[in-house]
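Undergrad: Shown below is the structure under consideration.
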Amino acid sequence: MSIPKLDAPKMPKELPVITLQEGKFEPEDSFHTGIISDCVIDNQSAYKVAFDKVIFRNVTFTRIAMKEIEFTDVIFDRCDLSNVDFTEATIHRTEFRNCKVIGMDLTESTLRNILFQDCLGDFVTFRMANLKQITFQTCSLNSSDFYEATLQKLQFEGCQLEQAQFTGTKLEGIDLSTCEFTSLGVSIEDLRGCIISREQASVFVSLFGIKLKE
């Protein structure tokens with residue numbers, strides 16, 4: 001199945017610096033057109049905060065629980081978003097470049113036209129999320145959780161997927177052939193139409209109750 005090219009973030013040529021004031025974000029705060037760089041965003045819990053046409057560069061997010069957050073035309077460059085709670089987020093035309101997203105929680109989120117490039121994303125959670133036109137490029141996604149997620153036009157390129165969980169997620173048309181793993185959480189029914197390499201076939205043999213003889 002051919003994967004259409006992602007729609008990249010739409011950014012103006014020049015972006016002003018956005019300086020975040022100390023204190024708490026308020027519900028439904030909005031930040032538009034600018035660069036946020038070399039800082040720590042700490043201990044925030046507001047909901048429905050929106051960022052539009054924003055570049056985050058070398059930003060660390062700590063103690064973050066910002067449900068229903070919205071990102072549109074956003075770039076995260078060398079940021080640390082480990083363990084942030086972005087459940088029920090809405091994310092469009094966004095790129096994560098060389099980021100740490102370990103344990104990031106995107107449960108029940110909606111993602112469209114997203115690039116994860118060279119990211120460390122072990123234990124990232126996409127449970128019951130809706131993902132369309134997503135590319136994971138040379139990312140570590142060990143023990144990631146795609147339980148009952150909806151995947152459309154999604155591609156994995158050279159990713160680590162050891163013990164990733166895909167139970168309840170249809171993998172028809174999903175190409176895992178360039179990825180590395182020795183075990184996945186997946187059911188026989190959901191594997192129908194999944195694309196794997198010849199070398200990976202032995203990983204799934206046990207699901208069918210077959211024993212390989214050397």
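Naming scheme: A, B, ... for chains in displayed order of the structure tokens; residues 1 onward per chain; ligands 1 onward as shown.
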As a PyMOL selection string, please: the residues near region 24-35 of chain A (cut-off 9 Å, only C-alpha atoms, same-chain neighbours under 4 positions excluded).
TA: chain A and resi 11-12+14-19+43-57+69
Undergrad: For Leu176 (chain A), work out the shell of residues within 9 Å, counting only C-alpha atoms and skipping chain neighbours fewer than 5 positions away, then give it as a VMD selection string.
TA: chain A and resid 155 to 159 194 to 197 200
Undergrad: When you count only C-alpha atoms, which of these residues is closest to Gln133 (chain A): A:Ser37, A:Cys79, A:Lys5, A:Thr167?
TA: A:Lys5
Undergrad: Using only C-alpha atoms for the distances, tell me which of A:Ile75, A:Cys39, A:Met128, A:Ile174 is nearest to Cys99 (chain A).
TA: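 Among the listed residues, A:Ile75 lies closest to Cys99 (chain A).
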Undergrad: If you run DSSP over the backbone, which residues in region 29-205 of chain A end up alpha helix (DSSP H)? Put them as a list in words.
TA: Ile188, Glu189, Asp190, Leu191, Ala201, Ser202, Val203, Phe204 and Val205 of chain A
Undergrad: Just the selected residues (N, CA, C and O atoms), exported as a PDB file, in the first residue's frame, please.
TA:
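See selection06.pdb below for the written result:
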ATOM      1  N   ILE A 188      -4.004 -12.971  16.156  1.00  0.00           N
ATOM      2  CA  ILE A 188      -3.984 -13.505  14.792  1.00  0.00           C
ATOM      3  C   ILE A 188      -4.908 -12.700  13.889  1.00  0.00           C
ATOM      4  O   ILE A 188      -4.559 -12.357  12.759  1.00  0.00           O
ATOM      5  N   GLU A 189      -6.090 -12.365  14.394  1.00  0.00           N
ATOM      6  CA  GLU A 189      -7.064 -11.646  13.575  1.00  0.00           C
ATOM      7  C   GLU A 189      -6.530 -10.283  13.136  1.00  0.00           C
ATOM      8  O   GLU A 189      -6.748  -9.848  12.000  1.00  0.00           O
ATOM      9  N   ASP A 190      -5.821  -9.610  14.026  1.00  0.00           N
ATOM     10  CA  ASP A 190      -5.352  -8.265  13.720  1.00  0.00           C
ATOM     11  C   ASP A 190      -4.144  -8.261  12.795  1.00  0.00           C
ATOM     12  O   ASP A 190      -3.816  -7.233  12.203  1.00  0.00           O
ATOM     13  N   LEU A 191      -3.476  -9.404  12.648  1.00  0.00           N
ATOM     14  CA  LEU A 191      -2.295  -9.492  11.786  1.00  0.00           C
ATOM     15  C   LEU A 191      -2.639  -9.592  10.308  1.00  0.00           C
ATOM     16  O   LEU A 191      -1.772  -9.375   9.456  1.00  0.00           O
ATOM     17  N   ALA A 201       9.044 -13.728  10.096  1.00  0.00           N
ATOM     18  CA  ALA A 201       7.933 -14.671  10.109  1.00  0.00           C
ATOM     19  C   ALA A 201       7.958 -15.588  11.330  1.00  0.00           C
ATOM     20  O   ALA A 201       6.909 -15.928  11.892  1.00  0.00           O
ATOM     21  N   SER A 202       9.166 -15.969  11.763  1.00  0.00           N
ATOM     22  CA  SER A 202       9.267 -16.895  12.891  1.00  0.00           C
ATOM     23  C   SER A 202       8.716 -16.296  14.181  1.00  0.00           C
ATOM     24  O   SER A 202       8.297 -17.021  15.086  1.00  0.00           O
ATOM     25  N   VAL A 203       8.703 -14.940  14.284  1.00  0.00           N
ATOM     26  CA  VAL A 203       8.176 -14.293  15.482  1.00  0.00           C
ATOM     27  C   VAL A 203       6.698 -14.629  15.669  1.00  0.00           C
ATOM     28  O   VAL A 203       6.201 -14.779  16.785  1.00  0.00           O
ATOM     29  N   PHE A 204       5.976 -14.804  14.547  1.00  0.00           N
ATOM     30  CA  PHE A 204       4.536 -14.992  14.614  1.00  0.00           C
ATOM     31  C   PHE A 204       4.116 -16.458  14.547  1.00  0.00           C
ATOM     32  O   PHE A 204       2.939 -16.760  14.706  1.00  0.00           O
ATOM     33  N   VAL A 205       5.071 -17.340  14.335  1.00  0.00           N
ATOM     34  CA  VAL A 205       4.743 -18.757  14.196  1.00  0.00           C
ATOM     35  C   VAL A 205       4.025 -19.281  15.440  1.00  0.00           C
ATOM     36  O   VAL A 205       3.047 -20.028  15.347  1.00  0.00           O
TER      37      VAL A 205
END
Undergrad: Which residues are near Lys10 (chain A)? Cut-off 9 Å, only C-alpha atoms, ignore same chain within fewer than 5 positions. Put them as a VMD selection string.
TA: chain A and resid 53 72 to 74 93
Undergrad: What gap, in Å, lies between CA of Asp42 (chain A) and CA of Thr62 (chain A)?
TA: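 Answer for the CA of Asp42 (chain A) to CA of Thr62 (chain A) separation: 4.8 Å.
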Undergrad: Could you please determine the separation between CA of Ser140 (chain A) and CA of Leu154 (chain A) in Å, to one decimal place?
TA: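 Taking CA of Ser140 (chain A) and CA of Leu154 (chain A), their separation equals 16.0 Å.
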Undergrad: How far is it from CA of Asn142 (chain A) to CA of Glu172 (chain A), in Å with one decimal?
TA: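 Computing it gives 20.8 Å between the two atoms.
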Undergrad: So which one's closest to Glu108 (chain A), A:Cys139, A:Leu131, A:Val59, A:Cys179? Using only C-alpha atoms, please.
TA: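 Nearest candidate to Glu108 (chain A) out of A:Cys139, A:Leu131, A:Val59, A:Cys179: A:Leu131.
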Undergrad: So that I can see what lies close to Asp145 (chain A), please list as a PDB file with N, CA, C and O atoms, in the first residue's frame the residues with an atom at most 6 Å from it, counting only C-alpha atoms and leaving out residues fewer than 5 positions away in the same chain.
TA:
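Output saved as selection01.pdb:
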ATOM      1  N   THR A 125       2.414   5.817  24.738  1.00  0.00           N
ATOM      2  CA  THR A 125       1.083   5.229  24.749  1.00  0.00           C
ATOM      3  C   THR A 125       0.162   5.919  23.747  1.00  0.00           C
ATOM      4  O   THR A 125      -0.050   7.134  23.811  1.00  0.00           O
ATOM      5  N   PHE A 126      -0.367   5.092  22.834  1.00  0.00           N
ATOM      6  CA  PHE A 126      -1.363   5.551  21.867  1.00  0.00           C
ATOM      7  C   PHE A 126      -2.653   4.748  22.034  1.00  0.00           C
ATOM      8  O   PHE A 126      -3.387   4.528  21.073  1.00  0.00           O
ATOM      9  N   ALA A 164       6.200  -4.263  21.631  1.00  0.00           N
ATOM     10  CA  ALA A 164       5.141  -3.281  21.397  1.00  0.00           C
ATOM     11  C   ALA A 164       3.778  -3.981  21.438  1.00  0.00           C
ATOM     12  O   ALA A 164       3.649  -5.138  21.045  1.00  0.00           O
ATOM     13  N   GLN A 165       2.779  -3.277  21.918  1.00  0.00           N
ATOM     14  CA  GLN A 165       1.453  -3.854  22.122  1.00  0.00           C
ATOM     15  C   GLN A 165       0.484  -3.353  21.052  1.00  0.00           C
ATOM     16  O   GLN A 165       0.205  -2.158  20.956  1.00  0.00           O
TER      17      GLN A 165
END
Undergrad: Could you give me, as a PyMOL selection string, the residues within 8 Å of Phe86 (chain A), counting only C-alpha atoms and dropping anything in the same chain fewer than 6 positions from it?
TA: chain A and resi 65-69+104-107+109
Undergrad: For Thr169 (chain A), which residue among A:Val40, A:Lys153, A:Phe146, A:Ile64 is the nearest when counting only C-alpha atoms?
TA: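 Closest to Thr169 (chain A), using only C-alpha atoms: A:Phe146.
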Undergrad: Mind the document's chain letters and residue numbers, and return as a PyMOL selection string the residues of chain A that DSSP labels strand (DSSP E or B).
TA: chain A and resi 17+30-44+50-65+70-77+80+85+90-97+100+105+110-117+120+125+130-137+140+145+150-157+160+164-165+175+180+184-185+195
Undergrad: Which residue gives the smallest distance to Lys132 (chain A) among A:Glu199, A:Asp7, A:Asp175, A:Asp38, with only C-alpha atoms counted?
TA: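 Once distances to Lys132 (chain A) are computed over only C-alpha atoms, the minimum belongs to A:Asp7.
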